[in-house]
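This report refers to the structure that appears directly beneath it.
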Amino acid sequence: MALSAFASVPAAVSAKGEQQRFRWKDRTIKIAVSTSLSESSSNIKTNSDVIGAVRRSIAAWQAVADIELHLGTSERQSVSAAGPAGDRVSLITIAQTPENVLLFSKNPQSESAKTRVFYNRIGFITEADIVLNPFQQFSTDGTFGTFDLESTITHELGHLLGLRHSAVLGSTMSDRTARNGSFGAADFGTRLLSESDISAVRDIYGPAPDDETCCAEIEGKLGFPPNRALELVVWAEESYTGRVMAQVDVSSDGSFRMGGLSAGPYNLYWQRRDKPAAGMIGELGTVELVNGETSFLTEKIVFRQPALALDYVGLNSQLADSAVSLSAGRSYVLYVGGTQIDPGSVTVNFNSPYLNVDQNSQEREDFGDGISAVRFTTMVDQDAPAGVYNIFATGKDGDRATLIGAITVIR
């Protein structure tokens with residue numbers, strides 16, 4: 001018997017508190033593009049490269065994991081009905097049918113797409129249908145106010161493969177989907193898989209056949225007082241560059257596991273995501289990973305009410321809760337906003353030698369609505385590796401806040 005889910009694969013929890021992962025049994029997966037996409041649609045800008053966007057999205061995932069996604073076409077228009085099983089056709093559609101429209105009835109203006117996943121009792125996915133929001137507009141050329149079609153499909157294919165949403169803002173699997181023009185320009189950053197996306201899919205299906213750099217994994221157990229409302233994530237930064245390489249939710253018993261990582265040294269951090277303590281962070285130390293081996297880590301963590309909180313990052317005098325894309329070799333005026341973010345009491349910084357803040361440039365910025373914000377100048381080194389980086393605010397008492405993966409460096 002199968003179940004169905006919206007938007008992402010649900011995080012079922014076992015008796016031990018471990019989160020169950022879902023995946024396809026076979027590495028060859030068939031996907032069908034509905035004629036609602038291959039033919040003219042009022043929701044997609046005229047002359048958009050629709051099939052090209054789908055093919056590039058498929059290629060992105062195939063390039064990093066041991067999977068084959070075979071693309072076909074179908075006259076079907078609608079998502080399979082909720083219930084014990086679908087029709088065994090994994091469909092990509094944008095048709096304005098009653099079944100598809102119903103998926104977006106609660107919040108039709110904010111979501112770009114949803115994926116309904118069917119899986120059996122032993123955790124294998126049997127079907128996944130991607131529905132592009134028929135209330136929204138899409139394009140492939142960055143038209144202002146539209147959702148980028150390629151980024152949207154790449155994200156939803158991640159759900160089709162069994163990935164959940166990520167706390168890394170600059171990742172393809174982030175749940176913070178921005179429209180084109182959020183910072184005054186087109187942003188195609190999430191068309192490209194971040195390192196955390198890559199490690200997540202490699203952990204499920206293994207690396208691409210010609211990838212000899214993978215894989216190692218980290219298993220850990222965090223000790224903390226019992227709290228049913230507790231939500232924690234752990235992430236790994238590459239020690240040399242500061243890039244975010246993996247992120248995972250912590251299970252209710254404090255255990256976590258990150259796989260699909262390349263060999264090398266990593267710095268590990270945790271962040272609390274539940275209110276009222278959302279944003280609290282801490283360090284877990286450094287591990288040296290070796291291909292084919294698992295590193296183990298145990299740590300007792302102490303919670304406190306955070307004084308600082310970072311909620312927004314911005315560019316071009318605008319704040320948002322999605323990542324900012326920056327080009328290597330350039331300087332930018334950036335903004336961060338949140339709680340008690342004041343230039344007189346905090347400093348903004350990065351854990352990367354490739355991103356530098358002019359501390360003398362920090363000034364208070366007024367965005368109203370009870371948001372405290374700082375404006376500052378950042379230089380991106382011309383040798384900065386492409387990838388996703390964290391941004392931190394540090395108070396005089398040493399208290400820290402961060403936005404995980406809020407900066408995407410492109411080359």
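Ligands are numbered from 1 in the order shown, residues from 1 within each chain, and chains are lettered A, B, ... in the order they appear in the structure tokens.
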Check your understanding: Quick one: residues within 8 Å of A:Leu403, only C-alpha atoms counted, chain neighbours fewer than 4 positions away excluded, as number ranges by chain?
Key -> A: 169, 310-312, 390-392
Exercise for review: Write out as a PyMOL selection string the residues lying within 9 Å of stretch 57-59 of chain A, counting only C-alpha atoms and excluding same-chain residues fewer than 3 positions away.
Suggested key: chain A and resi 52-54+62-64+68-71+150-151+153-155+157+191-192
**Study point:** Shell of 9 Å around A:Ala178, only C-alpha atoms, local chain residues under 2 positions omitted, as a PyMOL selection string
**Key:** chain A and resi 147-148+176+180-182+187+320-323
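Residues in contact range of A:Lys25, defined as at most 9 Å between only C-alpha atoms, with sequence neighbours fewer than 3 positions away removed, read Thr28, Gly123, Phe124, Ile125 and Thr126 of chain A.
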Exercise for review: Might you pull out every residue within 10 Å of stretch 282-296 of chain A, with only C-alpha atoms counted and same-chain residues fewer than 5 positions away left off, and present them as a PyMOL selection string?
Suggested key: chain A and resi 212-222+234-239+257-272+301-303+399-401
Exercise for review: Just list the residues in stretch 39-115 of chain A DSSP gives strand (DSSP E) on the backbone, as number ranges by chain.
Suggested key: A: 68-74, 91-93, 113-115
Write a file of the selected residues as a short mmCIF file (atom, residue, chain, number, x, y, z; two decimals), in the first residue's frame, keeping N, CA and C atoms.
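Heads up, here's the output in again_2.cif:
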data_model
loop_
_atom_site.label_atom_id
_atom_site.label_comp_id
_atom_site.auth_asym_id
_atom_site.auth_seq_id
_atom_site.Cartn_x
_atom_site.Cartn_y
_atom_site.Cartn_z
N GLU A 68 19.46 7.49 -13.69
CA GLU A 68 19.14 7.84 -15.07
C GLU A 68 17.67 8.25 -15.11
N LEU A 69 17.41 9.46 -15.56
CA LEU A 69 16.05 9.97 -15.69
C LEU A 69 15.69 9.97 -17.17
N HIS A 70 14.74 9.14 -17.54
CA HIS A 70 14.33 9.02 -18.94
C HIS A 70 13.08 9.86 -19.17
N LEU A 71 13.15 10.75 -20.14
CA LEU A 71 12.08 11.71 -20.39
C LEU A 71 11.21 11.27 -21.56
N GLY A 72 9.89 11.29 -21.34
CA GLY A 72 8.94 11.01 -22.40
C GLY A 72 7.83 12.05 -22.39
N THR A 73 6.77 11.81 -23.14
CA THR A 73 5.63 12.71 -23.19
C THR A 73 4.36 11.95 -22.85
N SER A 74 3.32 12.70 -22.46
CA SER A 74 2.05 12.08 -22.10
C SER A 74 0.90 13.03 -22.40
N LEU A 91 4.46 12.44 -13.73
CA LEU A 91 4.08 13.47 -14.70
C LEU A 91 4.57 14.84 -14.27
N ILE A 92 4.98 15.65 -15.26
CA ILE A 92 5.22 17.08 -15.04
C ILE A 92 4.13 17.83 -15.81
N THR A 93 3.32 18.62 -15.10
CA THR A 93 2.18 19.26 -15.74
C THR A 93 1.96 20.67 -15.21
N ALA A 113 5.32 25.50 -7.24
CA ALA A 113 4.99 24.14 -7.68
C ALA A 113 4.84 23.23 -6.47
N LYS A 114 4.28 22.06 -6.71
CA LYS A 114 4.20 21.01 -5.70
C LYS A 114 4.46 19.66 -6.35
N THR A 115 4.97 18.75 -5.53
CA THR A 115 5.18 17.39 -6.00
C THR A 115 4.44 16.43 -5.08
#
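Distance annotation: of A:Ser112, A:Thr172, A:Ser78, A:Asp210, the residue with the minimal separation from A:Glu99 is A:Ser78; atom set is only C-alpha atoms.
The closest residue to A:Val168, picked from A:Val409, A:Met245, A:Leu149, A:Val131 and counting only C-alpha atoms, is A:Met245.
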Determine, counting only C-alpha atoms, which protein, DNA and RNA residues have an atom within 8 Å of an atom of A:Gly189; residues of the same chain fewer than 5 positions away are not included. Present the result as a short mmCIF file (atom, residue, chain, number, x, y, z; two decimals) with all heavy atoms, in the first residue's frame.
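Saved file around_24.cif follows:
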data_model
loop_
_atom_site.label_atom_id
_atom_site.label_comp_id
_atom_site.auth_asym_id
_atom_site.auth_seq_id
_atom_site.Cartn_x
_atom_site.Cartn_y
_atom_site.Cartn_z
N GLY A 170 20.74 29.08 -0.13
CA GLY A 170 21.23 29.12 -1.50
C GLY A 170 21.18 27.78 -2.22
O GLY A 170 21.63 27.69 -3.35
N SER A 325 22.87 36.21 -4.80
CA SER A 325 23.92 35.72 -5.69
C SER A 325 24.94 36.83 -5.96
O SER A 325 24.57 37.95 -6.33
CB SER A 325 23.33 35.24 -7.01
OG SER A 325 22.55 34.08 -6.82
N THR A 408 25.37 33.09 -2.35
CA THR A 408 25.79 32.18 -3.43
C THR A 408 26.80 32.89 -4.29
O THR A 408 26.51 33.95 -4.87
CB THR A 408 24.58 31.76 -4.29
OG1 THR A 408 23.63 31.08 -3.48
CG2 THR A 408 25.02 30.84 -5.41
N ILE A 410 28.89 32.96 -7.64
CA ILE A 410 28.85 32.40 -8.98
C ILE A 410 30.09 32.86 -9.75
O ILE A 410 30.67 33.89 -9.46
CB ILE A 410 27.57 32.82 -9.73
CG1 ILE A 410 27.44 34.35 -9.78
CG2 ILE A 410 26.34 32.22 -9.07
CD1 ILE A 410 26.23 34.84 -10.54
#
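Taking atom CA of A:Gln362 as the reference point, atom CA of A:Phe376 is found at 4.5 Å.
Using only C-alpha atoms, the smallest distance between any of A:Arg330, A:Arg21, A:Arg243, A:Arg273 and A:Pro306 comes from A:Arg273.
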Please, which residues of stretch 151-301 of chain A, numbered as in this document, come out alpha helix (DSSP H) from DSSP, as a short mmCIF file (atom, residue, chain, number, x, y, z; two decimals) with N, CA, C and O atoms, in the first residue's frame?
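What ended up in part04.cif:
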data_model
loop_
_atom_site.label_atom_id
_atom_site.label_comp_id
_atom_site.auth_asym_id
_atom_site.auth_seq_id
_atom_site.Cartn_x
_atom_site.Cartn_y
_atom_site.Cartn_z
N SER A 151 14.74 26.57 -12.63
CA SER A 151 15.00 26.45 -11.19
C SER A 151 13.87 25.69 -10.51
O SER A 151 14.10 24.84 -9.63
N THR A 152 12.63 26.00 -10.90
CA THR A 152 11.47 25.35 -10.29
C THR A 152 11.47 23.85 -10.56
O THR A 152 11.27 23.04 -9.65
N ILE A 153 11.71 23.47 -11.80
CA ILE A 153 11.69 22.05 -12.14
C ILE A 153 12.86 21.32 -11.49
O ILE A 153 12.70 20.18 -11.01
N THR A 154 14.03 21.95 -11.44
CA THR A 154 15.17 21.32 -10.78
C THR A 154 14.85 21.04 -9.31
O THR A 154 15.15 19.97 -8.78
N HIS A 155 14.23 22.01 -8.64
CA HIS A 155 13.82 21.84 -7.24
C HIS A 155 12.84 20.68 -7.10
O HIS A 155 13.01 19.79 -6.25
N GLU A 156 11.82 20.67 -7.93
CA GLU A 156 10.79 19.63 -7.80
C GLU A 156 11.34 18.24 -8.17
O GLU A 156 10.91 17.24 -7.61
N LEU A 157 12.28 18.17 -9.09
CA LEU A 157 12.92 16.89 -9.38
C LEU A 157 13.66 16.36 -8.15
O LEU A 157 13.75 15.15 -7.94
N GLY A 158 14.20 17.27 -7.34
CA GLY A 158 14.82 16.84 -6.09
C GLY A 158 13.81 16.14 -5.19
O GLY A 158 14.10 15.09 -4.60
N HIS A 159 12.60 16.70 -5.09
CA HIS A 159 11.54 16.03 -4.32
C HIS A 159 11.18 14.69 -4.95
O HIS A 159 10.96 13.69 -4.25
N LEU A 160 11.09 14.66 -6.27
CA LEU A 160 10.78 13.42 -6.98
C LEU A 160 11.79 12.33 -6.63
O LEU A 160 11.45 11.14 -6.50
N LEU A 161 13.05 12.73 -6.42
CA LEU A 161 14.10 11.77 -6.10
C LEU A 161 14.13 11.39 -4.62
O LEU A 161 14.85 10.47 -4.23
N GLU A 195 26.52 22.34 -3.23
CA GLU A 195 27.21 21.16 -2.71
C GLU A 195 26.32 20.39 -1.73
O GLU A 195 26.40 19.16 -1.65
N SER A 196 25.46 21.08 -0.99
CA SER A 196 24.58 20.38 -0.06
C SER A 196 23.51 19.57 -0.81
O SER A 196 23.12 18.49 -0.36
N ASP A 197 23.05 20.07 -1.96
CA ASP A 197 22.14 19.28 -2.79
C ASP A 197 22.84 18.03 -3.31
O ASP A 197 22.27 16.94 -3.32
N ILE A 198 24.07 18.22 -3.74
CA ILE A 198 24.83 17.11 -4.33
C ILE A 198 25.10 16.02 -3.29
O ILE A 198 24.91 14.83 -3.54
N SER A 199 25.54 16.42 -2.10
CA SER A 199 25.82 15.42 -1.07
C SER A 199 24.55 14.68 -0.68
O SER A 199 24.57 13.47 -0.43
N ALA A 200 23.41 15.39 -0.65
CA ALA A 200 22.15 14.76 -0.25
C ALA A 200 21.71 13.70 -1.25
O ALA A 200 21.30 12.60 -0.86
N VAL A 201 21.79 13.99 -2.55
CA VAL A 201 21.35 13.00 -3.53
C VAL A 201 22.37 11.88 -3.68
O VAL A 201 22.00 10.71 -3.91
N ARG A 202 23.67 12.18 -3.52
CA ARG A 202 24.67 11.11 -3.56
C ARG A 202 24.52 10.16 -2.37
O ARG A 202 24.80 8.97 -2.48
N ASP A 203 24.06 10.70 -1.25
CA ASP A 203 23.87 9.86 -0.07
C ASP A 203 22.77 8.82 -0.30
O ASP A 203 22.82 7.72 0.24
N ILE A 204 21.78 9.17 -1.11
CA ILE A 204 20.68 8.24 -1.38
C ILE A 204 21.04 7.25 -2.48
O ILE A 204 20.81 6.04 -2.34
N TYR A 205 21.60 7.75 -3.59
CA TYR A 205 21.79 6.91 -4.77
C TYR A 205 23.25 6.59 -5.08
O TYR A 205 23.52 5.81 -6.00
#
Review point. Any idea what's packed within 9 Å of A:Ala167, counting only C-alpha atoms, ignoring anything in its chain fewer than 2 positions away? Could you give it as a ChimeraX atom specification?
Key: /A:165,169-171,173-175,233,247-249,404-405
